[in-house]
Amino acid sequence: MSEPAAFEGLLRELAPRVVAVLVRRYGGFDACEDAVQEALLAAVRQWPDEGVPANPMGWLVTTASRRLIELWRNESARRRREEVVAAQPEPEPAPGVDDTLTLLMLCAHPSLTPASQVALTLRAVGGLTTAEIARAFLVPEATIAQRISRAKQRIRASGAEFRLPPEAERSERLGAVLHVLYLVFNEGYTASSGETLQRVELSEEAIRLTRQLHELVPGDGEVAGLLALMLLTDARRPARARDDGTLVPLAEQDRSRWNAAAIAEGTQLLTRTLERAPIGPYQLQAAIAAVHDEAASVEDTDWRQILTLYDLLETVAPGPMVTLNRVVAVAMVHGPERGLAELAEAESDRALAGHHRVDAVRAHLLELAGDAESAREHYRRAARRTLSLPERRYLESRAAR
């Protein structure tokens, strides 16, 4: 690992712990988080030349604290704030365990929109800068900055404190945390727009944070299920694109390039959690991914088992993409005509109306049914509707073929 990469990993690991120390010591999540971001930037500038301090955590806490004090000295309430701080006992350095979970739940506050939860999580817990988040989601930096600023204002206005929510709220809040991490991973694995098929830094960050969350709550089946799902899905990444960035569909991938270690870890994790935890949607999705990964070839794929799992998933957590994926499984088990009939019924869902994936699935099923002319038309329609350039090129190539 290169020296800059090592710095980056260390800083991302320490970021939530430093935020936690400052919030406990001084209060005010928004100001503390801003100060930590400036301390992280200072480290990026100084450590490559000066070396990593003997106590990097202490260095970041000190640097961020100085920045906070500088800000407070410019306020009329400086003396009162400093007197309150001086009267408080000096906290021990945060071990980072409960702190990270607390931060994740704070960033998934119910008053925030999903987009704001994602941005705030990546910045406060992931340690990404505003510019990095903006580049990852292909939006202007000012947009992300405004989104983060409003999120912190909402948290402050809600009166939320830096502590785990009451037991009655934790399950719901943990569900929001998992949804945020799932969104981050999906955007990294298959970018919704732009010139690249995937944004590896986002999917890797989602896996890192979910792995950390699993260490904090090892008994939660859905946390384990989400981590397993990410590992089993990301294992295919080396085979998903050609050297020129062209998308390679699952059926055509060179399975020898799949990450066997990630598949083994994900499968083992899933097996353990299915044995002891109530079944949930992330575990079911992980089980579907495992069936695909365990097949030696596309012909060996157990589509009947996948259809059974999708039937369960549609009962436990129905949704438009679940419905669409189940249609494909139906076609693989019962034939493309049956799949097309169910697709026509599913298309009545307003969430799927006009979605390019509906056209792409219809084109695929028409191709399987031998209707090349209609398949070509729908591949082209799907290509016009997608915002992802690699996906558009792939769909156009299918139409041409």
# chains A, B, ... in the order shown; residues from 1 in each chain; ligands from 1
$ select_by_dssp --residues "stretch 140-180 of chain A" --states "helix (DSSP H, G or I)" --output "PDB file with C-alpha atoms, in the first residue's frame"
ATOM      1  CA  GLU A 141     -19.632  20.298  -4.508  1.00  0.00           C
ATOM      2  CA  ALA A 142     -21.865  23.203  -3.459  1.00  0.00           C
ATOM      3  CA  THR A 143     -24.886  20.884  -3.613  1.00  0.00           C
ATOM      4  CA  ILE A 144     -23.301  18.345  -1.271  1.00  0.00           C
ATOM      5  CA  ALA A 145     -22.078  21.117   1.048  1.00  0.00           C
ATOM      6  CA  GLN A 146     -25.585  22.532   1.250  1.00  0.00           C
ATOM      7  CA  ARG A 147     -27.059  19.085   1.809  1.00  0.00           C
ATOM      8  CA  ILE A 148     -24.658  18.374   4.674  1.00  0.00           C
ATOM      9  CA  SER A 149     -25.196  21.811   6.190  1.00  0.00           C
ATOM     10  CA  ARG A 150     -28.966  21.418   6.160  1.00  0.00           C
ATOM     11  CA  ALA A 151     -28.681  17.923   7.618  1.00  0.00           C
ATOM     12  CA  LYS A 152     -26.648  19.197  10.549  1.00  0.00           C
ATOM     13  CA  GLN A 153     -29.095  22.061  11.059  1.00  0.00           C
ATOM     14  CA  ARG A 154     -31.982  19.604  11.164  1.00  0.00           C
ATOM     15  CA  ILE A 155     -30.183  17.439  13.714  1.00  0.00           C
ATOM     16  CA  ARG A 156     -29.486  20.496  15.863  1.00  0.00           C
ATOM     17  CA  ALA A 157     -33.084  21.691  15.576  1.00  0.00           C
ATOM     18  CA  SER A 158     -34.363  18.253  16.574  1.00  0.00           C
ATOM     19  CA  GLU A 167     -34.001   1.014  23.020  1.00  0.00           C
ATOM     20  CA  ALA A 168     -37.448   1.358  21.441  1.00  0.00           C
ATOM     21  CA  GLU A 169     -35.990   3.469  18.586  1.00  0.00           C
ATOM     22  CA  ARG A 170     -32.788   1.543  17.954  1.00  0.00           C
ATOM     23  CA  SER A 171     -34.243  -1.140  15.713  1.00  0.00           C
ATOM     24  CA  GLU A 172     -35.856   1.417  13.411  1.00  0.00           C
ATOM     25  CA  ARG A 173     -32.754   3.624  13.416  1.00  0.00           C
ATOM     26  CA  LEU A 174     -30.504   0.630  12.713  1.00  0.00           C
ATOM     27  CA  GLY A 175     -32.734  -0.176   9.752  1.00  0.00           C
ATOM     28  CA  ALA A 176     -32.131   3.342   8.421  1.00  0.00           C
ATOM     29  CA  VAL A 177     -28.372   2.890   8.884  1.00  0.00           C
ATOM     30  CA  LEU A 178     -28.456  -0.343   6.883  1.00  0.00           C
ATOM     31  CA  HIS A 179     -30.489   1.334   4.140  1.00  0.00           C
ATOM     32  CA  VAL A 180     -27.921   4.142   3.889  1.00  0.00           C
TER      33      VAL A 180
END
$ residues_around --residues "stretch 355-365 of chain A" --least-positions-apart "4" --cutoff "10 Å" --atoms "only C-alpha atoms" --output "PDB file with N, CA and C atoms, in the first residue's frame"
ATOM      1  N   MET A 321     -38.037  -3.203  -7.703  1.00  0.00           N
ATOM      2  CA  MET A 321     -36.879  -3.926  -8.230  1.00  0.00           C
ATOM      3  C   MET A 321     -36.930  -5.410  -7.867  1.00  0.00           C
ATOM      4  N   LEU A 324     -39.233  -6.878 -10.422  1.00  0.00           N
ATOM      5  CA  LEU A 324     -38.592  -6.979 -11.733  1.00  0.00           C
ATOM      6  C   LEU A 324     -37.596  -8.141 -11.773  1.00  0.00           C
ATOM      7  N   ASN A 325     -36.808  -8.290 -10.731  1.00  0.00           N
ATOM      8  CA  ASN A 325     -35.844  -9.392 -10.677  1.00  0.00           C
ATOM      9  C   ASN A 325     -36.555 -10.745 -10.594  1.00  0.00           C
ATOM     10  N   VAL A 327     -39.377 -11.441 -11.990  1.00  0.00           N
ATOM     11  CA  VAL A 327     -39.869 -11.732 -13.342  1.00  0.00           C
ATOM     12  C   VAL A 327     -38.812 -12.495 -14.139  1.00  0.00           C
ATOM     13  N   VAL A 328     -37.555 -12.081 -14.021  1.00  0.00           N
ATOM     14  CA  VAL A 328     -36.467 -12.765 -14.721  1.00  0.00           C
ATOM     15  C   VAL A 328     -36.370 -14.210 -14.240  1.00  0.00           C
ATOM     16  N   ALA A 331     -39.103 -16.288 -15.713  1.00  0.00           N
ATOM     17  CA  ALA A 331     -38.815 -16.621 -17.116  1.00  0.00           C
ATOM     18  C   ALA A 331     -37.790 -17.740 -17.226  1.00  0.00           C
ATOM     19  N   MET A 332     -36.790 -17.735 -16.341  1.00  0.00           N
ATOM     20  CA  MET A 332     -35.755 -18.762 -16.405  1.00  0.00           C
ATOM     21  C   MET A 332     -36.284 -20.125 -15.968  1.00  0.00           C
ATOM     22  N   GLY A 335     -40.165 -20.214 -18.555  1.00  0.00           N
ATOM     23  CA  GLY A 335     -40.130 -19.818 -19.953  1.00  0.00           C
ATOM     24  C   GLY A 335     -40.358 -18.329 -20.139  1.00  0.00           C
ATOM     25  N   PRO A 336     -39.818 -17.740 -21.230  1.00  0.00           N
ATOM     26  CA  PRO A 336     -39.907 -16.299 -21.438  1.00  0.00           C
ATOM     27  C   PRO A 336     -41.337 -15.790 -21.622  1.00  0.00           C
ATOM     28  N   GLU A 337     -42.239 -16.601 -22.195  1.00  0.00           N
ATOM     29  CA  GLU A 337     -43.614 -16.135 -22.382  1.00  0.00           C
ATOM     30  C   GLU A 337     -44.290 -15.872 -21.033  1.00  0.00           C
ATOM     31  N   ARG A 338     -44.073 -16.762 -20.093  1.00  0.00           N
ATOM     32  CA  ARG A 338     -44.618 -16.568 -18.739  1.00  0.00           C
ATOM     33  C   ARG A 338     -43.993 -15.335 -18.099  1.00  0.00           C
ATOM     34  N   GLY A 339     -42.705 -15.130 -18.306  1.00  0.00           N
ATOM     35  CA  GLY A 339     -42.048 -13.948 -17.762  1.00  0.00           C
ATOM     36  C   GLY A 339     -42.605 -12.670 -18.363  1.00  0.00           C
ATOM     37  N   LEU A 340     -42.850 -12.666 -19.669  1.00  0.00           N
ATOM     38  CA  LEU A 340     -43.406 -11.475 -20.331  1.00  0.00           C
ATOM     39  C   LEU A 340     -44.802 -11.166 -19.818  1.00  0.00           C
ATOM     40  N   LEU A 343     -44.363  -9.601 -16.494  1.00  0.00           N
ATOM     41  CA  LEU A 343     -43.791  -8.265 -16.650  1.00  0.00           C
ATOM     42  C   LEU A 343     -44.872  -7.257 -17.021  1.00  0.00           C
ATOM     43  N   ALA A 344     -45.789  -7.651 -17.897  1.00  0.00           N
ATOM     44  CA  ALA A 344     -46.888  -6.764 -18.286  1.00  0.00           C
ATOM     45  C   ALA A 344     -47.733  -6.394 -17.071  1.00  0.00           C
ATOM     46  N   ALA A 346     -46.612  -6.456 -13.891  1.00  0.00           N
ATOM     47  CA  ALA A 346     -45.772  -5.674 -12.973  1.00  0.00           C
ATOM     48  C   ALA A 346     -45.630  -4.226 -13.412  1.00  0.00           C
ATOM     49  N   GLU A 347     -45.717  -4.000 -14.714  1.00  0.00           N
ATOM     50  CA  GLU A 347     -45.506  -2.662 -15.260  1.00  0.00           C
ATOM     51  C   GLU A 347     -46.578  -1.665 -14.812  1.00  0.00           C
ATOM     52  N   ARG A 350     -46.528   2.139 -10.630  1.00  0.00           N
ATOM     53  CA  ARG A 350     -46.105   3.471 -11.062  1.00  0.00           C
ATOM     54  C   ARG A 350     -44.602   3.666 -10.892  1.00  0.00           C
ATOM     55  N   ALA A 351     -44.009   2.967  -9.916  1.00  0.00           N
ATOM     56  CA  ALA A 351     -42.571   3.112  -9.678  1.00  0.00           C
ATOM     57  C   ALA A 351     -41.752   2.543 -10.834  1.00  0.00           C
ATOM     58  N   ALA A 369     -37.341 -15.444 -26.332  1.00  0.00           N
ATOM     59  CA  ALA A 369     -38.521 -15.998 -26.994  1.00  0.00           C
ATOM     60  C   ALA A 369     -38.357 -16.058 -28.511  1.00  0.00           C
ATOM     61  N   GLY A 370     -37.259 -15.491 -29.029  1.00  0.00           N
ATOM     62  CA  GLY A 370     -37.003 -15.552 -30.460  1.00  0.00           C
ATOM     63  C   GLY A 370     -37.547 -14.386 -31.261  1.00  0.00           C
ATOM     64  N   ASP A 371     -38.080 -13.366 -30.580  1.00  0.00           N
ATOM     65  CA  ASP A 371     -38.625 -12.186 -31.274  1.00  0.00           C
ATOM     66  C   ASP A 371     -37.527 -11.131 -31.360  1.00  0.00           C
ATOM     67  N   ALA A 372     -36.611 -11.280 -32.329  1.00  0.00           N
ATOM     68  CA  ALA A 372     -35.442 -10.408 -32.418  1.00  0.00           C
ATOM     69  C   ALA A 372     -35.808  -8.968 -32.722  1.00  0.00           C
ATOM     70  N   GLU A 373     -36.797  -8.759 -33.591  1.00  0.00           N
ATOM     71  CA  GLU A 373     -37.154  -7.395 -33.983  1.00  0.00           C
ATOM     72  C   GLU A 373     -37.693  -6.598 -32.794  1.00  0.00           C
ATOM     73  N   SER A 374     -38.602  -7.195 -32.040  1.00  0.00           N
ATOM     74  CA  SER A 374     -39.144  -6.509 -30.867  1.00  0.00           C
ATOM     75  C   SER A 374     -38.073  -6.325 -29.791  1.00  0.00           C
ATOM     76  N   ALA A 375     -37.208  -7.334 -29.642  1.00  0.00           N
ATOM     77  CA  ALA A 375     -36.130  -7.223 -28.665  1.00  0.00           C
ATOM     78  C   ALA A 375     -35.229  -6.045 -29.000  1.00  0.00           C
ATOM     79  N   ARG A 376     -34.892  -5.897 -30.276  1.00  0.00           N
ATOM     80  CA  ARG A 376     -34.035  -4.792 -30.708  1.00  0.00           C
ATOM     81  C   ARG A 376     -34.669  -3.442 -30.355  1.00  0.00           C
ATOM     82  N   GLU A 377     -35.959  -3.331 -30.601  1.00  0.00           N
ATOM     83  CA  GLU A 377     -36.663  -2.071 -30.313  1.00  0.00           C
ATOM     84  C   GLU A 377     -36.582  -1.720 -28.832  1.00  0.00           C
ATOM     85  N   HIS A 378     -36.772  -2.694 -27.960  1.00  0.00           N
ATOM     86  CA  HIS A 378     -36.767  -2.418 -26.520  1.00  0.00           C
ATOM     87  C   HIS A 378     -35.354  -2.228 -25.973  1.00  0.00           C
ATOM     88  N   TYR A 379     -34.358  -2.897 -26.548  1.00  0.00           N
ATOM     89  CA  TYR A 379     -32.982  -2.612 -26.147  1.00  0.00           C
ATOM     90  C   TYR A 379     -32.645  -1.158 -26.454  1.00  0.00           C
ATOM     91  N   ARG A 380     -33.050  -0.691 -27.621  1.00  0.00           N
ATOM     92  CA  ARG A 380     -32.778   0.697 -27.998  1.00  0.00           C
ATOM     93  C   ARG A 380     -33.519   1.672 -27.101  1.00  0.00           C
ATOM     94  N   ARG A 381     -34.765   1.336 -26.758  1.00  0.00           N
ATOM     95  CA  ARG A 381     -35.537   2.210 -25.873  1.00  0.00           C
ATOM     96  C   ARG A 381     -34.879   2.283 -24.491  1.00  0.00           C
ATOM     97  N   ALA A 382     -34.419   1.137 -23.972  1.00  0.00           N
ATOM     98  CA  ALA A 382     -33.738   1.118 -22.680  1.00  0.00           C
ATOM     99  C   ALA A 382     -32.460   1.946 -22.738  1.00  0.00           C
ATOM    100  N   ALA A 383     -31.722   1.839 -23.863  1.00  0.00           N
ATOM    101  CA  ALA A 383     -30.471   2.589 -24.013  1.00  0.00           C
ATOM    102  C   ALA A 383     -30.728   4.095 -23.976  1.00  0.00           C
ATOM    103  N   ARG A 384     -31.827   4.528 -24.564  1.00  0.00           N
ATOM    104  CA  ARG A 384     -32.137   5.965 -24.569  1.00  0.00           C
ATOM    105  C   ARG A 384     -32.495   6.462 -23.175  1.00  0.00           C
ATOM    106  N   ARG A 385     -33.021   5.601 -22.339  1.00  0.00           N
ATOM    107  CA  ARG A 385     -33.534   6.038 -21.035  1.00  0.00           C
ATOM    108  C   ARG A 385     -32.494   5.987 -19.918  1.00  0.00           C
ATOM    109  N   THR A 386     -31.477   5.165 -20.046  1.00  0.00           N
ATOM    110  CA  THR A 386     -30.499   5.069 -18.960  1.00  0.00           C
ATOM    111  C   THR A 386     -29.570   6.272 -18.956  1.00  0.00           C
ATOM    112  N   LEU A 387     -29.102   6.642 -17.764  1.00  0.00           N
ATOM    113  CA  LEU A 387     -28.155   7.750 -17.615  1.00  0.00           C
ATOM    114  C   LEU A 387     -26.718   7.243 -17.506  1.00  0.00           C
ATOM    115  N   LEU A 395     -26.411  -1.844 -23.944  1.00  0.00           N
ATOM    116  CA  LEU A 395     -27.754  -2.047 -24.494  1.00  0.00           C
ATOM    117  C   LEU A 395     -27.771  -1.807 -26.011  1.00  0.00           C
ATOM    118  N   ARG A 398     -26.342  -4.831 -27.652  1.00  0.00           N
ATOM    119  CA  ARG A 398     -27.309  -5.937 -27.694  1.00  0.00           C
ATOM    120  C   ARG A 398     -28.297  -5.717 -28.840  1.00  0.00           C
ATOM    121  N   ALA A 399     -28.721  -4.467 -29.007  1.00  0.00           N
ATOM    122  CA  ALA A 399     -29.657  -4.159 -30.094  1.00  0.00           C
ATOM    123  C   ALA A 399     -29.004  -4.433 -31.441  1.00  0.00           C
TER     124      ALA A 399
END
$ closest_residue --among "A:Gly354, A:Asp220, A:Leu202, A:Leu232" --to "A:Glu132" --atoms "only C-alpha atoms"
A:Leu202
$ closest_residue --among "A:Asp293, A:Arg66, A:Gly221, A:Trp258" --to "A:Thr271" --atoms "only C-alpha atoms"
A:Gly221
$ residues_around --residues "A:Leu41" --least-positions-apart "6" --cutoff "12 Å" --atoms "only C-alpha atoms" --output "VMD selection string"
chain A and resid 7 to 8 11 to 12 15 34 to 35 47 to 48 60 63 to 64 127 to 131
$ atom_distance --atom1 "atom CA of A:Val316" --atom2 "atom CA of A:Ile263"
24.8 Å
$ closest_residue --among "A:Ala235, A:Val125, A:Ala296, A:Ala264" --to "A:Glu33" --atoms "only C-alpha atoms"
A:Val125
$ closest_residue --among "A:Leu183, A:Leu270, A:Glu195, A:Val200" --to "A:Ala224" --atoms "only C-alpha atoms"
A:Leu270
$ closest_residue --among "A:Leu274, A:Ala239, A:Val298, A:Ala124" --to "A:Arg257" --atoms "only C-alpha atoms"
A:Ala239
$ closest_residue --among "A:Val139, A:His334, A:Ala286, A:Ile306" --to "A:Gly194" --atoms "only C-alpha atoms"
A:Val139
$ atom_distance --atom1 "atom CA of A:Leu247" --atom2 "atom CA of A:Pro390"
6.1 Å
$ decode --residues "stretch 237-356 of chain A" --atoms "C-alpha atoms" --output "compact mmCIF listing (two decimals), in the first residue's frame"
# COMPACT_ATOMS: atom_id res chain seq x y z
CA ARG A 237 -16.52 -6.98 -9.70
CA PRO A 238 -13.26 -8.12 -11.42
CA ALA A 239 -15.30 -9.76 -14.20
CA ARG A 240 -18.04 -7.13 -14.63
CA ALA A 241 -16.24 -4.93 -17.15
CA ARG A 242 -13.78 -5.36 -20.00
CA ASP A 243 -10.58 -3.36 -20.25
CA ASP A 244 -12.40 -0.64 -22.22
CA GLY A 245 -15.06 -0.31 -19.50
CA THR A 246 -17.73 -2.24 -21.42
CA LEU A 247 -20.28 -3.94 -19.16
CA VAL A 248 -20.19 -7.75 -19.04
CA PRO A 249 -23.54 -9.26 -17.95
CA LEU A 250 -23.58 -11.99 -15.31
CA ALA A 251 -24.28 -14.75 -17.82
CA GLU A 252 -21.16 -13.88 -19.83
CA GLN A 253 -18.70 -13.25 -17.00
CA ASP A 254 -15.49 -15.25 -16.59
CA ARG A 255 -16.24 -16.81 -13.22
CA SER A 256 -12.60 -17.75 -12.68
CA ARG A 257 -12.00 -14.02 -12.11
CA TRP A 258 -14.51 -13.81 -9.26
CA ASN A 259 -13.01 -13.20 -5.81
CA ALA A 260 -13.11 -16.65 -4.22
CA ALA A 261 -12.08 -15.36 -0.78
CA ALA A 262 -14.94 -12.85 -0.69
CA ILE A 263 -17.40 -15.55 -1.79
CA ALA A 264 -16.17 -17.90 0.93
CA GLU A 265 -16.40 -15.19 3.61
CA GLY A 266 -19.84 -14.07 2.49
CA THR A 267 -21.19 -17.62 2.30
CA GLN A 268 -19.85 -18.50 5.75
CA LEU A 269 -21.28 -15.32 7.23
CA LEU A 270 -24.68 -15.98 5.66
CA THR A 271 -24.75 -19.60 6.81
CA ARG A 272 -24.04 -18.58 10.42
CA THR A 273 -26.68 -15.85 10.53
CA LEU A 274 -29.41 -17.96 8.87
CA GLU A 275 -28.91 -20.58 11.58
CA ARG A 276 -29.51 -18.23 14.48
CA ALA A 277 -31.30 -15.02 13.44
CA PRO A 278 -34.82 -14.24 12.20
CA ILE A 279 -34.79 -14.06 8.40
CA GLY A 280 -34.86 -10.62 6.78
CA PRO A 281 -34.62 -9.01 3.34
CA TYR A 282 -30.84 -8.53 3.33
CA GLN A 283 -30.29 -12.16 4.26
CA LEU A 284 -32.63 -13.25 1.45
CA GLN A 285 -30.82 -11.06 -1.08
CA ALA A 286 -27.52 -12.48 0.14
CA ALA A 287 -28.88 -16.00 -0.31
CA ILE A 288 -29.83 -15.19 -3.91
CA ALA A 289 -26.33 -13.80 -4.52
CA ALA A 290 -24.85 -16.95 -2.99
CA VAL A 291 -26.79 -19.22 -5.36
CA HIS A 292 -25.41 -17.27 -8.33
CA ASP A 293 -21.86 -17.32 -6.92
CA GLU A 294 -21.88 -21.02 -6.14
CA ALA A 295 -22.88 -22.02 -9.71
CA ALA A 296 -19.87 -23.18 -11.71
CA SER A 297 -21.50 -21.82 -14.88
CA VAL A 298 -24.62 -19.95 -15.90
CA GLU A 299 -26.17 -23.27 -16.99
CA ASP A 300 -25.63 -24.68 -13.49
CA THR A 301 -27.55 -21.84 -11.81
CA ASP A 302 -30.38 -23.15 -9.61
CA TRP A 303 -33.11 -20.82 -10.87
CA ARG A 304 -35.86 -22.69 -9.01
CA GLN A 305 -34.15 -21.96 -5.72
CA ILE A 306 -33.65 -18.32 -6.77
CA LEU A 307 -37.36 -18.02 -7.66
CA THR A 308 -38.32 -19.47 -4.27
CA LEU A 309 -36.09 -16.91 -2.55
CA TYR A 310 -37.60 -14.08 -4.59
CA ASP A 311 -41.08 -15.29 -3.63
CA LEU A 312 -40.03 -15.02 0.04
CA LEU A 313 -38.40 -11.64 -0.53
CA GLU A 314 -41.52 -10.28 -2.21
CA THR A 315 -43.49 -11.31 0.86
CA VAL A 316 -41.00 -9.93 3.40
CA ALA A 317 -39.94 -6.74 1.59
CA PRO A 318 -41.92 -6.10 -1.61
CA GLY A 319 -40.59 -3.46 -4.00
CA PRO A 320 -40.42 -2.62 -7.70
CA MET A 321 -36.88 -3.93 -8.23
CA VAL A 322 -37.69 -7.13 -6.34
CA THR A 323 -40.69 -7.60 -8.64
CA LEU A 324 -38.59 -6.98 -11.73
CA ASN A 325 -35.84 -9.39 -10.68
CA ARG A 326 -38.45 -12.02 -9.80
CA VAL A 327 -39.87 -11.73 -13.34
CA VAL A 328 -36.47 -12.76 -14.72
CA ALA A 329 -36.40 -15.76 -12.37
CA VAL A 330 -39.92 -16.72 -13.46
CA ALA A 331 -38.82 -16.62 -17.12
CA MET A 332 -35.75 -18.76 -16.41
CA VAL A 333 -37.89 -21.39 -14.65
CA HIS A 334 -41.16 -21.33 -16.62
CA GLY A 335 -40.13 -19.82 -19.95
CA PRO A 336 -39.91 -16.30 -21.44
CA GLU A 337 -43.61 -16.14 -22.38
CA ARG A 338 -44.62 -16.57 -18.74
CA GLY A 339 -42.05 -13.95 -17.76
CA LEU A 340 -43.41 -11.47 -20.33
CA ALA A 341 -46.93 -11.97 -19.03
CA GLU A 342 -45.83 -11.24 -15.45
CA LEU A 343 -43.79 -8.27 -16.65
CA ALA A 344 -46.89 -6.76 -18.29
CA GLU A 345 -48.69 -7.08 -14.96
CA ALA A 346 -45.77 -5.67 -12.97
CA GLU A 347 -45.51 -2.66 -15.26
CA SER A 348 -48.72 -1.29 -13.76
CA ASP A 349 -46.64 -0.29 -10.72
CA ARG A 350 -46.11 3.47 -11.06
CA ALA A 351 -42.57 3.11 -9.68
CA LEU A 352 -41.64 1.02 -12.73
CA ALA A 353 -43.42 3.11 -15.35
CA GLY A 354 -40.87 4.42 -17.84
CA HIS A 355 -37.91 2.81 -16.04
CA HIS A 356 -35.18 1.71 -18.43
